[in-house]
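Data block for work.txt (compact mmCIF, C-alpha atoms):
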```
# COMPACT_ATOMS: atom_id res chain seq x y z
CA MET Z 1 -240.98 22.85 45.06
CA ARG Z 2 -243.33 21.04 42.72
CA LYS Z 3 -243.18 23.97 40.23
CA LEU Z 4 -239.38 23.98 40.23
CA PHE Z 5 -239.30 20.20 39.90
CA THR Z 6 -241.68 20.36 36.93
CA ALA Z 7 -239.57 22.98 35.13
CA ALA Z 8 -236.40 20.96 35.76
CA LEU Z 9 -238.08 17.80 34.50
CA LEU Z 10 -239.31 19.66 31.38
CA CYS Z 11 -235.82 20.95 30.56
CA ALA Z 12 -234.35 17.49 31.07
CA THR Z 13 -236.98 16.00 28.82
CA LEU Z 14 -236.77 18.59 26.00
CA GLY Z 15 -233.12 19.59 26.36
CA SER Z 16 -231.51 22.80 27.50
CA THR Z 17 -232.39 24.58 24.24
CA ALA Z 18 -236.12 23.88 24.50
CA GLN Z 19 -238.41 26.61 23.22
CA THR Z 20 -240.56 27.59 26.15
CA TYR Z 21 -242.05 30.65 27.72
CA GLU Z 22 -239.03 30.72 30.03
CA THR Z 23 -236.61 30.85 27.06
CA GLN Z 24 -238.81 33.32 25.15
CA PHE Z 25 -239.15 30.70 22.40
CA THR Z 26 -235.75 31.88 21.14
CA ARG Z 27 -234.14 30.44 18.01
CA SER Z 28 -231.12 31.23 15.87
CA LEU Z 29 -231.94 33.86 13.27
CA SER Z 30 -230.22 31.85 10.54
CA ASP Z 31 -232.31 28.77 11.39
CA VAL Z 32 -235.53 30.76 11.40
CA MET Z 33 -234.74 32.39 8.07
CA GLY Z 34 -233.89 29.00 6.61
CA ASP Z 35 -237.34 27.75 7.62
CA VAL Z 36 -238.94 30.86 6.12
CA GLN Z 37 -237.22 30.21 2.79
CA LYS Z 38 -238.61 26.65 2.71
CA ARG Z 39 -242.09 27.63 3.88
CA PHE Z 40 -242.59 30.42 1.32
CA GLY Z 41 -240.37 29.13 -1.48
CA ILE Z 42 -238.16 32.22 -1.52
CA ARG Z 43 -234.43 32.91 -1.65
CA LEU Z 44 -232.80 35.38 0.73
CA LYS Z 45 -229.70 37.50 0.14
CA TYR Z 46 -227.92 39.42 2.89
CA ASP Z 47 -225.74 42.53 3.10
CA MET Z 48 -224.59 41.71 6.64
CA ASP Z 49 -223.30 38.79 8.75
CA THR Z 50 -226.06 37.26 10.90
CA THR Z 51 -223.83 34.74 12.69
CA GLY Z 52 -224.71 34.46 16.37
CA LEU Z 53 -227.91 36.50 16.18
CA LYS Z 54 -230.95 35.07 17.94
CA VAL Z 55 -234.59 36.05 17.69
CA SER Z 56 -237.06 35.72 20.55
CA TYR Z 57 -240.61 34.42 20.07
CA ALA Z 58 -239.29 33.34 16.68
CA ASP Z 59 -242.02 31.10 15.30
CA PHE Z 60 -244.75 33.36 16.65
CA ARG Z 61 -243.49 36.10 14.31
CA ILE Z 62 -244.40 34.04 11.25
CA ARG Z 63 -247.55 35.04 9.37
CA PRO Z 64 -248.48 32.09 7.15
CA TYR Z 65 -250.43 34.37 4.80
CA SER Z 66 -247.67 36.94 4.13
CA VAL Z 67 -243.96 36.55 3.48
CA GLU Z 68 -243.48 40.31 3.75
CA GLU Z 69 -245.09 40.59 7.17
CA THR Z 70 -243.19 37.49 8.31
CA LEU Z 71 -239.82 38.92 7.29
CA THR Z 72 -240.65 42.32 8.78
CA ASN Z 73 -241.63 40.78 12.14
CA ILE Z 74 -238.54 38.59 12.33
CA LEU Z 75 -236.06 41.30 11.31
CA ALA Z 76 -237.53 44.21 13.32
CA PRO Z 77 -235.54 43.54 16.54
CA PHE Z 78 -232.28 43.89 14.61
CA ASP Z 79 -233.21 47.06 12.68
CA PHE Z 80 -232.95 45.05 9.47
CA LYS Z 81 -235.53 45.25 6.70
CA PRO Z 82 -236.67 42.97 3.85
CA VAL Z 83 -236.48 44.41 0.35
CA TYR Z 84 -238.11 42.59 -2.53
CA GLN Z 85 -235.79 42.16 -5.52
CA GLN Z 86 -237.40 40.13 -8.29
CA GLY Z 87 -238.87 36.68 -8.88
CA ASN Z 88 -238.66 34.85 -5.55
CA VAL Z 89 -235.63 36.79 -4.28
CA TRP Z 90 -235.65 39.07 -1.22
CA LYS Z 91 -232.70 40.96 0.21
CA VAL Z 92 -232.14 41.52 3.91
CA LYS Z 93 -230.64 44.99 4.43
CA ARG Z 94 -229.72 47.23 7.31
CA TYR Z 95 -232.14 50.08 7.94
CA GLU Z 96 -231.37 52.97 5.59
CA TYR Z 97 -232.80 56.29 6.71
CA PRO Z 98 -232.76 57.89 3.22
CA ARG Z 99 -234.19 54.88 1.38
CA ARG Z 100 -237.73 53.63 1.42
CA GLN Z 101 -239.88 51.56 -0.94
CA PRO Z 102 -242.22 52.63 -3.78
CA ALA Z 103 -245.19 51.87 -1.53
CA ASP Z 104 -243.93 54.53 0.88
CA GLY Z 105 -243.85 57.11 -1.88
CA GLN Z 106 -247.37 56.13 -2.87
CA LYS Z 107 -248.46 57.02 0.67
CA LEU Z 108 -246.27 60.10 1.14
CA ILE Z 109 -247.27 61.95 -2.03
CA PRO Z 110 -251.03 61.86 -1.25
CA TYR Z 111 -250.26 62.94 2.31
CA LEU Z 112 -248.21 65.92 1.14
CA SER Z 113 -250.86 66.82 -1.42
CA SER Z 114 -253.46 66.91 1.34
CA LEU Z 115 -251.55 69.74 3.04
CA TYR Z 116 -252.39 72.27 0.33
CA ASP Z 117 -255.38 72.71 -1.94
CA SER Z 118 -254.65 76.19 -3.27
CA ARG Z 119 -251.78 78.35 -4.41
CA GLU Z 120 -251.92 80.31 -1.15
CA ALA Z 121 -251.71 77.19 1.01
CA TRP Z 122 -248.91 75.81 -1.17
CA GLU Z 123 -246.86 79.02 -0.94
CA ALA Z 124 -247.16 79.04 2.84
CA ARG Z 125 -245.79 75.48 2.86
CA ARG Z 126 -243.13 76.47 0.29
CA ASP Z 127 -241.86 79.33 2.44
CA THR Z 128 -241.69 77.08 5.50
CA LEU Z 129 -239.70 74.45 3.61
CA ARG Z 130 -237.22 76.95 2.20
CA ARG Z 131 -236.56 78.41 5.63
CA GLU Z 132 -236.24 75.09 7.42
CA VAL Z 133 -234.07 73.45 4.73
CA ARG Z 134 -231.55 76.29 5.14
CA GLU Z 135 -231.68 75.95 8.91
CA ARG Z 136 -231.34 72.16 8.94
CA LEU Z 137 -228.60 72.19 6.32
CA GLY Z 138 -226.63 74.60 8.50
CA ILE Z 139 -225.63 76.78 5.57
CA ILE Z 140 -226.91 80.12 6.91
CA PRO Z 141 -223.77 80.92 8.98
CA LEU Z 142 -221.58 80.28 5.92
CA GLN Z 143 -223.68 82.53 3.71
CA LYS Z 144 -223.34 85.36 6.23
CA LEU Z 145 -219.55 85.30 6.16
CA ASP Z 146 -217.89 88.28 4.50
CA ILE Z 147 -215.29 86.53 2.37
CA ILE Z 148 -212.79 88.12 0.02
CA GLN Z 149 -213.29 86.09 -3.12
CA SER Z 150 -210.20 84.64 -4.74
CA ASN Z 151 -210.43 82.98 -8.13
CA HIS Z 152 -207.80 81.73 -10.54
CA PHE Z 153 -208.13 80.56 -14.14
CA GLY Z 154 -205.89 78.33 -16.20
CA PRO Z 155 -205.14 78.70 -19.90
CA VAL Z 156 -207.92 78.43 -22.47
CA ARG Z 157 -208.00 75.19 -24.46
CA LYS Z 158 -209.65 75.69 -27.85
CA ARG Z 159 -211.75 72.78 -29.06
CA ASP Z 160 -214.13 72.22 -31.96
CA GLY Z 161 -216.72 74.95 -31.44
CA TYR Z 162 -216.06 75.54 -27.74
CA THR Z 163 -213.32 76.21 -25.19
CA VAL Z 164 -212.41 74.71 -21.82
CA GLN Z 165 -210.78 76.59 -18.97
CA ASN Z 166 -209.98 75.18 -15.53
CA PHE Z 167 -210.50 77.27 -12.40
CA GLN Z 168 -209.92 77.33 -8.67
CA LEU Z 169 -212.21 79.28 -6.37
CA THR Z 170 -211.57 79.92 -2.69
CA THR Z 171 -214.76 79.33 -0.72
CA VAL Z 172 -214.51 79.37 3.10
CA ASN Z 173 -211.85 78.77 5.76
CA GLY Z 174 -209.16 78.51 3.09
CA HIS Z 175 -210.94 75.69 1.25
CA THR Z 176 -211.12 75.72 -2.51
CA VAL Z 177 -213.26 74.15 -5.20
CA CYS Z 178 -211.88 73.35 -8.64
CA GLY Z 179 -213.64 72.72 -11.90
CA SER Z 180 -213.80 73.51 -15.59
CA ILE Z 181 -215.79 76.07 -17.58
CA TYR Z 182 -217.01 74.96 -21.01
CA SER Z 183 -217.81 77.99 -23.13
CA PRO Z 184 -218.86 78.88 -26.65
CA LYS Z 185 -215.87 79.36 -28.91
CA ALA Z 186 -213.25 82.03 -28.08
CA LEU Z 187 -214.72 83.01 -24.70
CA SER Z 188 -212.22 83.56 -21.86
CA TRP Z 189 -213.02 84.03 -18.18
CA LYS Z 190 -210.02 86.09 -17.09
CA LYS Z 191 -211.85 89.37 -17.74
CA GLY Z 192 -215.33 90.81 -17.52
CA TRP Z 193 -216.17 90.41 -13.83
CA GLU Z 194 -218.49 93.07 -12.38
CA ARG Z 195 -220.67 93.48 -9.33
CA ASN Z 196 -224.18 92.34 -10.17
CA GLU Z 197 -225.76 95.68 -9.38
CA ASN Z 198 -223.49 97.34 -11.97
CA ARG Z 199 -224.17 95.03 -14.90
CA PRO Z 200 -227.07 94.50 -17.30
CA SER Z 201 -229.30 91.51 -16.66
CA LYS Z 202 -229.02 90.15 -20.19
CA GLY Z 203 -225.59 88.98 -21.23
CA LYS Z 204 -224.81 86.97 -24.31
CA TYR Z 205 -224.80 83.45 -22.92
CA PRO Z 206 -227.01 81.29 -20.71
CA LEU Z 207 -225.33 79.56 -17.76
CA ILE Z 208 -225.80 75.89 -16.84
CA LEU Z 209 -224.29 74.79 -13.54
CA CYS Z 210 -223.49 71.06 -13.63
CA PRO Z 211 -223.05 69.51 -10.15
CA ASN Z 212 -221.69 65.98 -10.41
CA GLY Z 213 -223.03 62.73 -9.08
CA HIS Z 214 -221.18 59.56 -8.15
CA PHE Z 215 -220.48 58.45 -11.69
CA ASN Z 216 -217.14 56.80 -12.34
CA GLN Z 217 -214.31 59.40 -12.38
CA GLY Z 218 -216.57 62.22 -11.20
CA ARG Z 219 -216.47 65.31 -13.38
CA TYR Z 220 -213.79 63.68 -15.56
CA ASN Z 221 -216.32 61.06 -16.74
CA ALA Z 222 -216.46 60.83 -20.54
CA ASP Z 223 -220.28 60.89 -20.75
CA LEU Z 224 -220.38 64.02 -18.62
CA GLN Z 225 -217.71 65.69 -20.73
CA ARG Z 226 -219.79 64.98 -23.84
CA ARG Z 227 -222.70 66.79 -22.20
CA TYR Z 228 -220.67 69.83 -21.17
CA GLY Z 229 -218.98 70.18 -24.54
CA THR Z 230 -222.16 69.71 -26.55
CA LEU Z 231 -224.12 72.27 -24.53
CA ALA Z 232 -221.22 74.71 -24.93
CA ARG Z 233 -221.08 74.13 -28.70
CA MET Z 234 -224.79 74.99 -28.86
CA GLY Z 235 -224.24 78.29 -27.04
CA ALA Z 236 -224.34 77.73 -23.25
CA VAL Z 237 -221.67 78.21 -20.62
CA CYS Z 238 -221.41 75.02 -18.54
CA VAL Z 239 -219.54 74.77 -15.24
CA SER Z 240 -218.44 71.41 -13.87
CA PHE Z 241 -216.92 71.20 -10.38
CA ASP Z 242 -215.62 68.58 -7.97
CA LEU Z 243 -217.63 66.87 -5.28
CA TRP Z 244 -216.33 67.46 -1.75
CA GLY Z 245 -213.58 64.88 -1.20
CA TRP Z 246 -213.44 63.89 -4.89
CA GLY Z 247 -210.98 64.99 -7.57
CA GLU Z 248 -208.87 67.92 -6.46
CA SER Z 249 -210.96 68.30 -3.34
CA GLU Z 250 -209.72 64.87 -2.28
CA ASP Z 251 -206.17 66.26 -2.40
CA GLU Z 252 -207.24 68.93 0.07
CA VAL Z 253 -209.59 67.19 2.54
CA GLY Z 254 -209.14 63.47 1.84
CA ALA Z 255 -211.53 60.93 0.33
CA ALA Z 256 -213.14 60.08 3.69
CA ALA Z 257 -214.49 63.64 3.94
CA HIS Z 258 -216.95 62.88 1.18
CA HIS Z 259 -218.85 60.42 3.39
CA THR Z 260 -219.67 63.01 6.04
CA SER Z 261 -222.42 65.51 6.76
CA GLU Z 262 -219.82 68.21 6.07
CA ALA Z 263 -219.94 67.18 2.40
CA HIS Z 264 -223.67 67.90 2.27
CA VAL Z 265 -223.09 71.45 3.42
CA MET Z 266 -219.91 72.18 1.50
CA GLN Z 267 -221.11 70.87 -1.85
CA ALA Z 268 -224.16 73.11 -1.65
CA TYR Z 269 -222.06 76.05 -0.49
CA ASN Z 270 -219.50 75.52 -3.25
CA GLY Z 271 -222.30 75.47 -5.81
CA LEU Z 272 -223.67 78.77 -4.49
CA ARG Z 273 -220.22 80.39 -4.53
CA ILE Z 274 -219.61 79.26 -8.12
CA LEU Z 275 -223.03 80.64 -9.03
CA ASP Z 276 -222.07 83.97 -7.42
CA LEU Z 277 -218.86 84.02 -9.42
CA MET Z 278 -220.40 83.20 -12.78
CA LEU Z 279 -223.34 85.57 -12.41
CA SER Z 280 -220.94 88.44 -11.81
CA HIS Z 281 -219.58 88.12 -15.37
CA LYS Z 282 -220.98 90.57 -17.91
CA ASP Z 283 -221.40 87.89 -20.60
CA ILE Z 284 -223.81 85.74 -18.56
CA ASP Z 285 -227.53 86.21 -19.14
CA LEU Z 286 -229.16 86.48 -15.71
CA THR Z 287 -232.53 85.50 -17.21
CA ARG Z 288 -231.18 82.11 -18.38
CA VAL Z 289 -229.58 80.31 -15.44
CA GLY Z 290 -229.93 76.54 -15.34
CA VAL Z 291 -228.81 73.66 -13.15
CA ASN Z 292 -228.47 70.12 -14.50
CA GLY Z 293 -227.02 67.09 -12.75
CA GLY Z 294 -227.56 63.35 -12.61
CA SER Z 295 -227.84 60.93 -9.69
CA GLY Z 296 -226.27 62.64 -6.66
CA GLY Z 297 -225.75 65.63 -8.94
CA GLY Z 298 -229.51 65.64 -9.47
CA THR Z 299 -230.00 65.78 -5.72
CA GLN Z 300 -227.66 68.78 -5.64
CA THR Z 301 -229.58 70.29 -8.55
CA VAL Z 302 -232.81 70.28 -6.57
CA LEU Z 303 -231.15 71.50 -3.37
CA LEU Z 304 -229.50 74.45 -5.13
CA SER Z 305 -232.88 75.48 -6.53
CA VAL Z 306 -234.31 75.54 -3.00
CA LEU Z 307 -231.42 77.68 -1.76
CA ASP Z 308 -231.15 80.22 -4.60
CA ASP Z 309 -233.95 82.02 -6.45
CA ARG Z 310 -231.68 83.16 -9.30
CA ILE Z 311 -231.98 79.78 -11.03
CA THR Z 312 -234.48 79.93 -13.90
CA ALA Z 313 -234.46 76.38 -15.33
CA LEU Z 314 -234.01 73.01 -13.63
CA CYS Z 315 -233.19 69.55 -14.96
CA PRO Z 316 -232.58 66.76 -12.40
CA VAL Z 317 -231.66 63.44 -14.06
CA VAL Z 318 -232.17 59.91 -12.61
CA SER Z 319 -232.43 61.29 -9.11
CA MET Z 320 -235.68 62.92 -7.98
CA SER Z 321 -237.90 60.57 -5.99
CA SER Z 322 -240.49 60.56 -3.24
CA TRP Z 323 -238.99 57.44 -1.64
CA PHE Z 324 -235.23 57.95 -1.87
CA ASP Z 325 -233.37 60.97 -0.53
CA GLY Z 326 -229.88 60.02 -1.72
CA GLY Z 327 -227.81 57.25 -0.19
CA CYS Z 328 -224.59 59.20 0.38
CA PRO Z 329 -224.04 61.61 3.29
CA CYS Z 330 -223.21 64.26 0.68
CA GLU Z 331 -226.94 64.11 -0.22
CA SER Z 332 -228.54 63.26 3.12
CA GLY Z 333 -225.93 63.97 5.78
CA MET Z 334 -227.97 66.83 7.26
CA PRO Z 335 -231.64 66.25 8.18
CA ILE Z 336 -233.21 68.51 5.56
CA GLN Z 337 -235.87 65.89 4.79
CA LEU Z 338 -237.37 66.58 8.23
CA ALA Z 339 -238.23 70.15 7.19
CA GLY Z 340 -241.89 71.04 7.43
CA GLY Z 341 -242.63 67.98 9.54
CA GLY Z 342 -241.33 65.68 6.80
CA THR Z 343 -240.70 66.16 3.10
CA CYS Z 344 -238.98 64.49 0.14
CA ASN Z 345 -237.01 65.47 -2.95
CA ALA Z 346 -240.16 65.52 -5.08
CA GLU Z 347 -241.72 68.17 -2.86
CA LEU Z 348 -238.47 70.13 -2.72
CA ALA Z 349 -238.36 70.08 -6.53
CA ALA Z 350 -241.94 71.40 -6.59
CA LEU Z 351 -240.71 74.57 -4.87
CA PHE Z 352 -239.32 75.54 -8.27
CA ALA Z 353 -242.80 76.10 -9.73
CA PRO Z 354 -243.72 77.81 -12.01
CA ARG Z 355 -240.28 78.02 -13.67
CA PRO Z 356 -239.34 75.50 -16.42
CA MET Z 357 -238.30 72.08 -15.16
CA MET Z 358 -237.74 68.73 -16.85
CA VAL Z 359 -237.30 65.49 -14.88
CA VAL Z 360 -235.49 62.58 -16.55
CA SER Z 361 -236.27 59.15 -15.11
CA ASP Z 362 -235.77 55.48 -15.92
CA GLY Z 363 -237.15 52.06 -15.07
CA GLY Z 364 -234.07 50.74 -13.30
CA ASP Z 365 -233.75 52.87 -10.17
CA TRP Z 366 -235.73 54.92 -7.63
CA THR Z 367 -237.14 57.11 -10.44
CA SER Z 368 -239.13 54.18 -11.83
CA THR Z 369 -242.37 55.56 -10.36
CA THR Z 370 -241.97 59.08 -11.77
CA PRO Z 371 -244.56 58.91 -14.59
CA GLU Z 372 -247.43 57.77 -12.38
CA LEU Z 373 -246.44 59.25 -9.01
CA GLU Z 374 -243.98 62.16 -8.83
CA TYR Z 375 -244.70 63.74 -12.21
CA PRO Z 376 -248.49 64.06 -11.74
CA TYR Z 377 -247.75 65.55 -8.33
CA LEU Z 378 -245.46 68.17 -9.88
CA GLN Z 379 -248.09 68.94 -12.51
CA ARG Z 380 -250.62 69.57 -9.75
CA ILE Z 381 -248.33 72.08 -8.03
CA TYR Z 382 -247.53 73.79 -11.33
CA GLY Z 383 -251.28 73.87 -11.95
CA PHE Z 384 -251.66 76.26 -9.03
CA TYR Z 385 -249.89 78.77 -11.32
CA ASP Z 386 -251.66 77.68 -14.54
CA ALA Z 387 -248.22 76.50 -15.65
CA ALA Z 388 -248.54 72.72 -15.92
CA ASP Z 389 -246.95 72.97 -19.37
CA GLN Z 390 -243.74 74.25 -17.76
CA VAL Z 391 -242.89 70.92 -16.15
CA SER Z 392 -242.14 67.82 -18.21
CA ASN Z 393 -240.90 64.27 -17.78
CA VAL Z 394 -238.82 62.10 -20.10
CA HIS Z 395 -239.11 58.53 -18.86
CA LEU Z 396 -236.92 55.73 -20.21
CA PRO Z 397 -238.54 52.54 -18.84
CA ASN Z 398 -236.01 50.13 -20.33
CA GLU Z 399 -232.92 51.98 -19.11
CA LYS Z 400 -230.98 51.92 -15.86
CA HIS Z 401 -229.13 54.37 -13.65
CA ASP Z 402 -226.62 56.25 -15.80
CA PHE Z 403 -226.20 59.40 -17.88
CA GLY Z 404 -226.34 57.63 -21.23
CA PRO Z 405 -227.06 59.04 -24.69
CA ASN Z 406 -230.86 59.06 -24.42
CA LYS Z 407 -230.71 60.92 -21.12
CA ARG Z 408 -228.25 63.43 -22.56
CA GLN Z 409 -230.48 63.91 -25.61
CA ALA Z 410 -233.38 64.74 -23.30
CA VAL Z 411 -231.19 67.35 -21.59
CA TYR Z 412 -230.18 68.87 -24.93
CA ASP Z 413 -233.79 69.08 -26.09
CA PHE Z 414 -234.84 70.79 -22.85
CA PHE Z 415 -232.17 73.48 -22.98
CA ILE Z 416 -232.54 74.02 -26.73
CA ARG Z 417 -236.20 74.71 -26.05
CA THR Z 418 -235.81 76.64 -22.80
CA PHE Z 419 -232.64 78.66 -23.49
CA GLN Z 420 -232.97 78.88 -27.30
CA LEU Z 421 -229.70 77.06 -27.91
CA ASN Z 422 -228.59 76.33 -31.48
CA GLY Z 423 -229.69 72.72 -31.97
CA SER Z 424 -228.05 72.56 -35.40
CA LEU Z 425 -224.68 72.40 -33.60
CA LEU Z 426 -225.62 69.31 -31.59
CA ASP Z 427 -222.87 66.80 -32.37
CA GLU Z 428 -221.28 64.83 -29.53
CA LYS Z 429 -218.65 63.41 -31.89
CA ARG Z 430 -217.01 66.82 -32.03
CA VAL Z 431 -216.40 66.90 -28.27
CA THR Z 432 -212.84 66.16 -27.15
CA ILE Z 433 -212.64 63.76 -24.19
CA GLU Z 434 -209.83 65.03 -21.98
CA ASP Z 435 -207.94 63.09 -19.33
CA GLU Z 436 -207.96 63.95 -15.65
CA GLN Z 437 -204.56 65.63 -15.78
CA THR Z 438 -205.78 68.07 -18.39
CA LEU Z 439 -208.99 68.87 -16.51
CA ARG Z 440 -207.31 69.50 -13.17
CA TYR Z 441 -206.35 73.05 -12.19
CA HIS Z 442 -203.42 71.50 -10.32
CA PRO Z 443 -202.20 68.48 -12.35
CA LYS Z 444 -200.99 65.56 -10.31
CA LYS Z 445 -197.28 65.44 -9.72
CA PRO Z 446 -195.47 62.50 -11.36
```

Translate this file's structure into structure tokens.
Amino acid sequence: MRKLFTAALLCATLGSTAQTYETQFTRSLSDVMGDVQKRFGIRLKYDMDTTGLKVSYADFRIRPYSVEETLTNILAPFDFKPVYQQGNVWKVKRYEYPRRQPADGQKLIPYLSSLYDSREAWEARRDTLRREVRERLGIIPLQKLDIIQSNHFGPVRKRDGYTVQNFQLTTVNGHTVCGSIYSPKALSWKKGWERNENRPSKGKYPLILCPNGHFNQGRYNADLQRRYGTLARMGAVCVSFDLWGWGESEDEVGAAAHHTSEAHVMQAYNGLRILDLMLSHKDIDLTRVGVNGGSGGGTQTVLLSVLDDRITALCPVVSMSSWFDGGCPCESGMPIQLAGGGTCNAELAALFAPRPMMVVSDGGDWTSTTPELEYPYLQRIYGFYDAADQVSNVHLPNEKHDFGPNKRQAVYDFFIRTFQLNGSLLDEKRVTIEDEQTLRYHPKKP
């Protein structure tokens, strides 16, 4: 009775909200975070509503010597995480499985490097990753399907030094993928298709597949059109195609389909089917097959190189990182990053060694660490083949996440060098920027 009386007296004295062992020293999360801001002189931003949330053992989670440890301890029960922004600003975010921090990459890369110290050990790891990525992506059943290919091409539009022709390709289960082929002048795609085993390996033109990222307007984006047209003027065939649930694909499956794991599989599968189609044309040089995309398109670029050995040159732009796997389900909807006991896009890109690869990075996104972290790692892997000179990095420390002129120039320089394109024809001003209606195989109805 005395114990109960003492507890009752304590509650009456301190109030019903007293912080005690019995109440687990619980406080409102918003109050605790307010105290943390005052204590450490920081400002917090949130991407969620914290109203009504309470944290147990609240003040005992504070570490007076570390704001980062304090925030981590307080937010852990809610699966939130603190992310440092700049100055005295921190952002409280929900846990994001594909996104980590630079410090994580600085730990992961040395760990991965410790798994192989020779070409033989690396190739054993490489083969495991290739197999498990296919399995975890779930693309193997699709690749085994015996599909009658159906492709359709629109009229050729002649531009200054190049042509554009829209297409529609049937992929699987009645689904289609639409895009545009940018070709050197006077080249049409309605003729010249042959089975690969019946055609010479060296055609006239190199091929550059251009998967798109989440840039405004998708493949209709003006900056991307400048890239396609300029590469075509210099002598390459460039193929741009819709993301799953974007552009004409949105008409077929709806915009919500893009934010699903299905998009991860279908975008990769569509890329492989387009590659099959283009490599069956007699004018394509099978020894010069490139893939070049930015942002989410860069993630696709790396993934396609893991899935298909026919690619001979790779150029991921503002995408490849050891601490970010791609924030959209179309990049990380299937658990391919768990392959080999845990991997990252930097290691998946390394599977491309010793073939030519250039990585374009900038100081304003998750590629900010490329020069001192991911690029030296790639050079080490390429060194197993005495081919460190076959991988390069163009880093733009004062730029942000886009596909601006300096990034496009880096792409042009890489393909001029790697595919022997005619650099004297490099002139973006001669590229015609077309509207969405013109670039669609099926124009929108009024």

task: Report the distance between CA of Gly341 in chain Z and CA of Gly138 in chain Z in Å, rounded to one decimal place.
output: 17.3 Å

- request: Figure out the distance between CA of Val36 in chain Z and CA of Arg63 in chain Z, please, to one decimal in Å.
  value: 10.1 Å

Around all listed atoms of range 360-371 of chain Z, padded 5 Å per side, what centre and edge lengths does the axis-aligned box have in Å to one decimal, as JSON?
```
{"center_x": -239.2, "center_y": 56.7, "center_z": -12.1, "size_x": 20.8, "size_y": 21.8, "size_z": 18.9}
```

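Distances from Z:Arg430, Z:His395, Z:Arg219, Z:Lys444 to Arg159 in chain Z were compared using only C-alpha atoms, and the smallest one belongs to Z:Arg430.
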
- prompt: For the atom pair CA of Leu137 in chain Z and CA of His258 in chain Z, what is the interatomic distance in Å to one decimal place?
  reply: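 Going from CA of Leu137 in chain Z over to CA of His258 in chain Z covers 15.8 Å.
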